[in-house]
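J.: CSV, C-alpha atoms, file data_2.csv:
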```csv
chain,number,residue,atom,x,y,z
A,1,GLY,CA,-13.0,14.6,8.8
A,2,ALA,CA,-12.1,15.0,5.1
A,3,ILE,CA,-9.1,12.7,5.6
A,4,LEU,CA,-11.2,10.0,7.3
A,5,ALA,CA,-13.9,10.2,4.6
A,6,GLU,CA,-11.2,9.9,1.9
A,7,ARG,CA,-9.7,6.8,3.6
A,8,GLU,CA,-13.1,5.2,3.7
A,9,ARG,CA,-13.7,6.0,0.0
A,10,ILE,CA,-10.4,4.4,-0.9
A,11,ALA,CA,-11.2,1.3,1.1
A,12,ARG,CA,-14.5,0.9,-0.7
A,13,GLU,CA,-12.8,1.3,-4.1
A,14,LEU,CA,-10.1,-1.2,-3.3
A,15,HIS,CA,-12.8,-3.7,-2.2
A,16,ASP,CA,-14.9,-3.2,-5.3
A,17,SER,CA,-12.0,-3.2,-7.8
A,18,LEU,CA,-8.6,-4.5,-7.0
A,19,ALA,CA,-9.5,-7.0,-4.3
A,20,GLN,CA,-12.3,-8.6,-6.3
A,21,VAL,CA,-10.2,-8.8,-9.5
A,22,LEU,CA,-7.3,-10.4,-7.7
A,23,GLY,CA,-9.6,-12.9,-5.9
A,24,ALA,CA,-11.3,-13.9,-9.2
A,25,VAL,CA,-8.0,-14.3,-11.0
A,26,HIS,CA,-6.6,-16.4,-8.1
A,27,LEU,CA,-9.5,-18.7,-8.2
A,28,ARG,CA,-9.4,-19.2,-12.0
A,29,LEU,CA,-5.7,-19.9,-11.9
A,30,ARG,CA,-6.2,-22.5,-9.2
A,31,ALA,CA,-8.9,-24.1,-11.2
A,32,LEU,CA,-6.6,-24.3,-14.3
A,33,THR,CA,-3.8,-25.9,-12.3
A,34,SER,CA,-6.2,-28.6,-11.1
A,35,ARG,CA,-6.8,-29.7,-14.7
A,36,GLU,CA,-3.8,-32.0,-15.4
A,37,ASP,CA,-4.8,-32.5,-19.0
A,38,ALA,CA,-5.2,-28.9,-19.8
A,39,VAL,CA,-1.6,-27.6,-19.8
A,40,ALA,CA,1.9,-28.9,-20.1
A,41,PRO,CA,3.8,-29.5,-16.8
A,42,ALA,CA,6.1,-26.4,-17.3
A,43,ILE,CA,3.1,-24.2,-17.9
A,44,ALA,CA,1.3,-25.7,-15.0
A,45,LEU,CA,4.2,-24.7,-12.7
A,46,GLU,CA,4.0,-21.1,-14.0
A,47,LEU,CA,0.3,-21.1,-13.3
A,48,ILE,CA,0.8,-22.2,-9.8
A,49,GLU,CA,3.4,-19.5,-9.2
A,50,LEU,CA,1.0,-16.9,-10.7
A,51,ALA,CA,-1.8,-18.1,-8.5
A,52,ASP,CA,0.5,-17.7,-5.4
A,53,VAL,CA,1.3,-14.2,-6.5
A,54,CYS,CA,-2.4,-13.4,-6.9
A,55,GLU,CA,-3.3,-14.9,-3.6
A,56,GLU,CA,-0.6,-12.8,-1.8
A,57,GLY,CA,-1.8,-9.7,-3.6
A,58,TYR,CA,-5.4,-10.5,-2.7
A,59,ASN,CA,-4.5,-10.9,1.0
A,60,ASP,CA,-2.5,-7.7,0.9
A,61,ALA,CA,-5.5,-5.9,-0.6
A,62,ARG,CA,-7.8,-7.2,2.1
A,63,ARG,CA,-5.5,-6.1,4.9
A,64,ALA,CA,-5.1,-2.7,3.3
A,65,ILE,CA,-8.8,-2.3,3.2
A,66,LEU,CA,-9.0,-3.3,6.9
A,67,ASP,CA,-6.2,-0.8,7.7
A,68,LEU,CA,-8.0,2.0,6.0
A,69,HIS,CA,-11.4,1.2,7.4
A,70,GLU,CA,-10.2,0.8,11.0
A,71,SER,CA,-8.2,4.0,10.9
A,72,SER,CA,-11.2,6.0,9.7
A,73,ARG,CA,-13.5,5.1,12.6
A,74,ALA,CA,-14.3,8.4,14.3
A,75,ASP,CA,-16.8,6.7,16.7
A,76,ARG,CA,-14.2,4.9,18.7
A,77,SER,CA,-11.5,5.9,21.1
A,78,LEU,CA,-7.9,5.2,20.1
A,79,LEU,CA,-7.6,2.1,22.4
A,80,ASP,CA,-10.9,0.7,21.2
A,81,SER,CA,-9.8,1.2,17.6
A,82,LEU,CA,-6.5,-0.6,18.2
A,83,ARG,CA,-8.3,-3.5,20.1
A,84,ALA,CA,-10.9,-4.0,17.3
A,85,TYR,CA,-8.1,-3.9,14.7
A,86,LEU,CA,-6.0,-6.5,16.5
A,87,ASP,CA,-9.0,-8.8,16.8
A,88,LYS,CA,-9.8,-8.6,13.1
A,89,TYR,CA,-6.1,-8.7,11.9
A,90,SER,CA,-5.4,-11.7,14.1
A,91,GLY,CA,-8.2,-13.6,12.5
A,92,GLN,CA,-7.0,-12.7,9.0
A,93,CYS,CA,-3.3,-13.6,9.5
A,94,GLY,CA,-3.5,-16.3,12.1
A,95,ILE,CA,-1.1,-14.6,14.5
A,96,ALA,CA,-2.2,-14.3,18.1
A,97,MET,CA,-2.4,-10.6,19.0
A,98,SER,CA,-3.2,-8.7,22.2
A,99,LEU,CA,-3.3,-5.1,23.5
A,100,GLU,CA,-1.9,-4.2,26.9
A,101,ALA,CA,-2.6,-0.7,28.2
A,102,SER,CA,-1.4,0.4,31.7
A,103,LEU,CA,-3.2,3.7,31.9
A,104,LYS,CA,-4.7,5.5,34.8
A,105,HIS,CA,-7.4,7.1,32.6
A,106,ASP,CA,-8.6,7.1,29.0
A,107,LEU,CA,-6.0,8.1,26.4
A,108,ALA,CA,-6.9,11.3,24.6
A,109,LEU,CA,-4.6,12.5,21.8
A,110,PRO,CA,-5.1,15.0,19.1
A,111,PRO,CA,-7.0,13.4,16.1
A,112,ARG,CA,-4.0,13.9,13.8
A,113,SER,CA,-1.8,12.0,16.2
A,114,GLU,CA,-4.3,9.2,16.7
A,115,ILE,CA,-4.5,8.6,12.9
A,116,GLN,CA,-0.7,8.5,12.5
A,117,ILE,CA,-0.3,6.2,15.6
A,118,ILE,CA,-2.8,3.8,14.2
A,119,ARG,CA,-1.1,3.7,10.8
A,120,VAL,CA,2.3,3.1,12.5
A,121,VAL,CA,1.0,0.2,14.5
A,122,GLN,CA,-0.7,-1.2,11.4
A,123,GLU,CA,2.6,-1.0,9.5
A,124,ALA,CA,4.5,-2.6,12.3
A,125,LEU,CA,2.0,-5.5,12.4
A,126,THR,CA,2.2,-5.8,8.6
A,127,ASN,CA,6.0,-6.3,9.1
A,128,VAL,CA,5.3,-9.0,11.7
A,129,ARG,CA,3.0,-10.9,9.3
A,130,LYS,CA,5.3,-10.6,6.3
A,131,HIS,CA,8.8,-10.9,7.7
A,132,SER,CA,8.9,-12.2,11.2
A,133,GLY,CA,7.5,-15.7,11.2
A,134,ALA,CA,6.0,-14.9,14.6
A,135,THR,CA,3.2,-16.8,16.3
A,136,ALA,CA,2.3,-13.9,18.6
A,137,ALA,CA,2.5,-10.1,18.9
A,138,THR,CA,1.6,-7.7,21.6
A,139,VAL,CA,0.9,-3.9,21.4
A,140,ARG,CA,1.7,-2.2,24.7
A,141,VAL,CA,0.6,1.4,25.6
A,142,THR,CA,2.0,3.4,28.5
A,143,GLN,CA,1.8,7.0,29.5
A,144,ASP,CA,3.5,9.3,31.9
A,145,LYS,CA,3.5,13.1,32.4
A,146,CYS,CA,5.8,13.7,29.4
A,147,THR,CA,5.4,10.8,27.0
A,148,VAL,CA,3.0,8.4,25.5
A,149,THR,CA,4.7,5.2,24.3
A,150,PHE,CA,3.4,2.4,21.9
A,151,VAL,CA,5.4,-0.8,21.7
A,152,VAL,CA,4.8,-3.5,19.1
A,153,GLU,CA,6.6,-6.7,20.1
A,154,ASP,CA,6.7,-10.1,18.4
A,155,ASP,CA,8.2,-13.5,19.1
A,156,GLY,CA,9.6,-13.9,15.5
A,157,ARG,CA,13.0,-14.4,14.0
A,158,GLY,CA,14.1,-10.8,14.3
A,159,PHE,CA,16.5,-9.1,11.9
A,160,ASP,CA,20.0,-7.7,11.8
A,161,ALA,CA,19.8,-4.3,13.3
A,162,THR,CA,22.9,-3.2,11.4
A,163,GLU,CA,20.9,-3.3,8.2
A,164,GLU,CA,18.0,-1.3,9.6
A,165,LEU,CA,18.8,2.0,7.9
A,166,SER,CA,18.8,0.5,4.5
A,167,ASP,CA,15.2,-0.8,5.1
A,168,ARG,CA,16.1,-4.1,3.5
A,169,GLY,CA,13.4,-6.7,3.3
A,170,GLY,CA,10.6,-4.1,3.1
A,171,PHE,CA,10.3,-3.3,6.8
A,172,GLY,CA,8.9,0.1,6.1
A,173,LEU,CA,10.8,1.7,9.0
A,174,HIS,CA,11.5,4.9,7.1
A,175,SER,CA,7.8,5.5,6.4
A,176,MET,CA,7.0,4.8,10.1
A,177,ARG,CA,9.6,7.3,11.3
A,178,GLN,CA,8.2,9.9,8.9
A,179,ARG,CA,4.8,9.4,10.4
A,180,MET,CA,6.1,9.9,13.9
A,181,GLU,CA,8.1,12.9,13.0
A,182,MET,CA,4.9,14.5,11.5
A,183,ILE,CA,3.4,14.5,15.0
A,184,GLY,CA,6.5,15.4,16.9
A,185,GLY,CA,7.4,11.8,17.9
A,186,THR,CA,10.2,9.3,17.5
A,187,LEU,CA,10.5,5.7,16.4
A,188,SER,CA,13.1,3.2,17.3
A,189,THR,CA,13.6,-0.6,17.0
A,190,ASP,CA,15.3,-3.3,19.0
A,191,SER,CA,15.9,-6.5,17.2
A,192,ALA,CA,18.5,-9.2,16.5
A,193,SER,CA,18.4,-12.4,14.5
A,194,GLY,CA,16.6,-15.1,16.5
A,195,ARG,CA,15.0,-13.1,19.2
A,196,GLY,CA,12.1,-11.1,17.8
A,197,THR,CA,11.6,-7.4,17.3
A,198,ARG,CA,10.4,-4.4,19.3
A,199,VAL,CA,9.2,-1.3,17.6
A,200,VAL,CA,8.9,1.7,20.0
A,201,ALA,CA,6.9,4.8,19.0
A,202,GLU,CA,7.0,7.7,21.4
A,203,LEU,CA,5.3,11.1,21.3
A,204,PRO,CA,4.9,14.0,23.6
A,205,ASN,CA,1.9,13.7,26.0
A,206,VAL,CA,-0.2,16.5,24.5
A,207,PRO,CA,-3.8,15.7,25.2
A,208,ALA,CA,-6.6,16.5,22.8
A,209,ARG,CA,-8.3,19.8,23.4
A,210,ALA,CA,-11.6,19.6,25.1
A,211,PRO,CA,-14.6,20.6,23.0
A,212,ILE,CA,-16.1,24.0,23.7
A,213,PRO,CA,-19.4,23.4,25.6
A,214,SER,CA,-22.5,24.5,23.7
A,215,ILE,CA,-24.6,27.3,25.2
```
Could you write out this file's structure as structure tokens?
T.:
Amino acid sequence: GAILAERERIARELHDSLAQVLGAVHLRLRALTSREDAVAPAIALELIELADVCEEGYNDARRAILDLHESSRADRSLLDSLRAYLDKYSGQCGIAMSLEASLKHDLALPPRSEIQIIRVVQEALTNVRKHSGATAATVRVTQDKCTVTFVVEDDGRGFDATEELSDRGGFGLHSMRQRMEMIGGTLSTDSASGRGTRVVAELPNVPARAPIPSI
């Protein structure tokens, strides 16, 4: 509960400070670049580049706020949280996203595992937005007696898997693996240049403990 409350607090602070500052600076820089008589051509080019940087930072801040907010919702199941996040994230980044879950019953994982899984999926989708050039991405969830598996797959340009360990290009794979290790799981990738990427997160099928009934 304390972790979720802290995530929500950070999301509010990001919205009230960093996101609003970046948004205001971006708009003012765009306004300056539209005034052809205000600056020399060389300076105008610099202003355009600065405006682009601010716009990217603003978009990153908005998505970070969404990530924190959606991972702090205790009133939703894991699948409902993922579905709601995909809907909102798709609207922000313009990439079609869907959730496919072939489960015989509701998925119930320990709260700590749910939080880390949501963050891993969010990070994987951030990579899709920033690096893949994809038009669509799918999150698939499957479960058997021993394992729960989450797959994030896109139709983008992919990357050279031989460079994976160096984490070149900001893929964040090391951070995602650490999150999975924290909950006793594993993370692997399947990709090659020109054929998209699959990120596979697996963890032991340890259901959440049922609450003790009140007397």
J.: List the neighbours of segment 174-178 of chain A out to 7 Å using all atoms listed in the file; skip same-chain residues closer than 6 positions along the sequence, and give me the result as a count of residues only.
T.: 3
J.: One decimal, in Å: what's the spacing between atom CA of Ile10 of chain A and atom CA of Ile115 of chain A?
T.: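 A separation of 15.6 Å between them.
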J.: Work out how far atom CA of Arg129 of chain A is from atom CA of Asp160 of chain A, in Å to one decimal.
T.: 17.5 Å
J.: When you draw a straight line from atom CA of Phe159 of chain A to atom CA of Ala192 of chain A, how long is it in Å?
T.: 5.0 Å
J.: Give me the residues of segment 25-120 of chain A that have any atom at most 10 Å from an atom of segment 130-136 of chain A; for each, the nearest atom pair and the distance in Å, rounded to one decimal. Use all atoms listed in the file, sort by chain and number, and format it as CSV.
T.:
```
residue,atom,partner,partner_atom,distance
A:Asp60,CA,A:Lys130,CA,9.9
A:Ser90,CA,A:Ala136,CA,9.2
A:Cys93,CA,A:Lys130,CA,9.7
A:Gly94,CA,A:Thr135,CA,7.9
A:Ile95,CA,A:Thr135,CA,5.2
A:Ala96,CA,A:Ala136,CA,4.5
A:Met97,CA,A:Ala136,CA,5.8
A:Ser98,CA,A:Ala136,CA,8.4
```
J.: Could you tell me which of A:Asp190, A:Glu49, A:Asp16, A:Glu202 comes closest to Thr142 of chain A if we count all atoms listed in the file?
T.: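 Among the listed residues, the smallest separation from Thr142 of chain A belongs to A:Glu202.
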J.: Let me make sure I understand: among A:Gln92, A:Gln122, A:Gln143, A:Ser81, which one has the smallest atom-to-atom distance to Lys104 of chain A if we use only C-alpha atoms?
T.: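 Of all the options, A:Gln143 lies closest to Lys104 of chain A.
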J.: Sorted by chain and rising residue number, which residues of segment 18-100 of chain A lie within 10 Å of segment 105-110 of chain A, and what are their closest atom pairs and distances in Å to one decimal, counting all atoms listed in the file, as CSV?
T.:
```
residue,atom,partner,partner_atom,distance
A:Ser77,CA,A:Ala108,CA,7.9
A:Leu78,CA,A:Leu107,CA,7.2
A:Leu79,CA,A:Leu107,CA,7.4
```
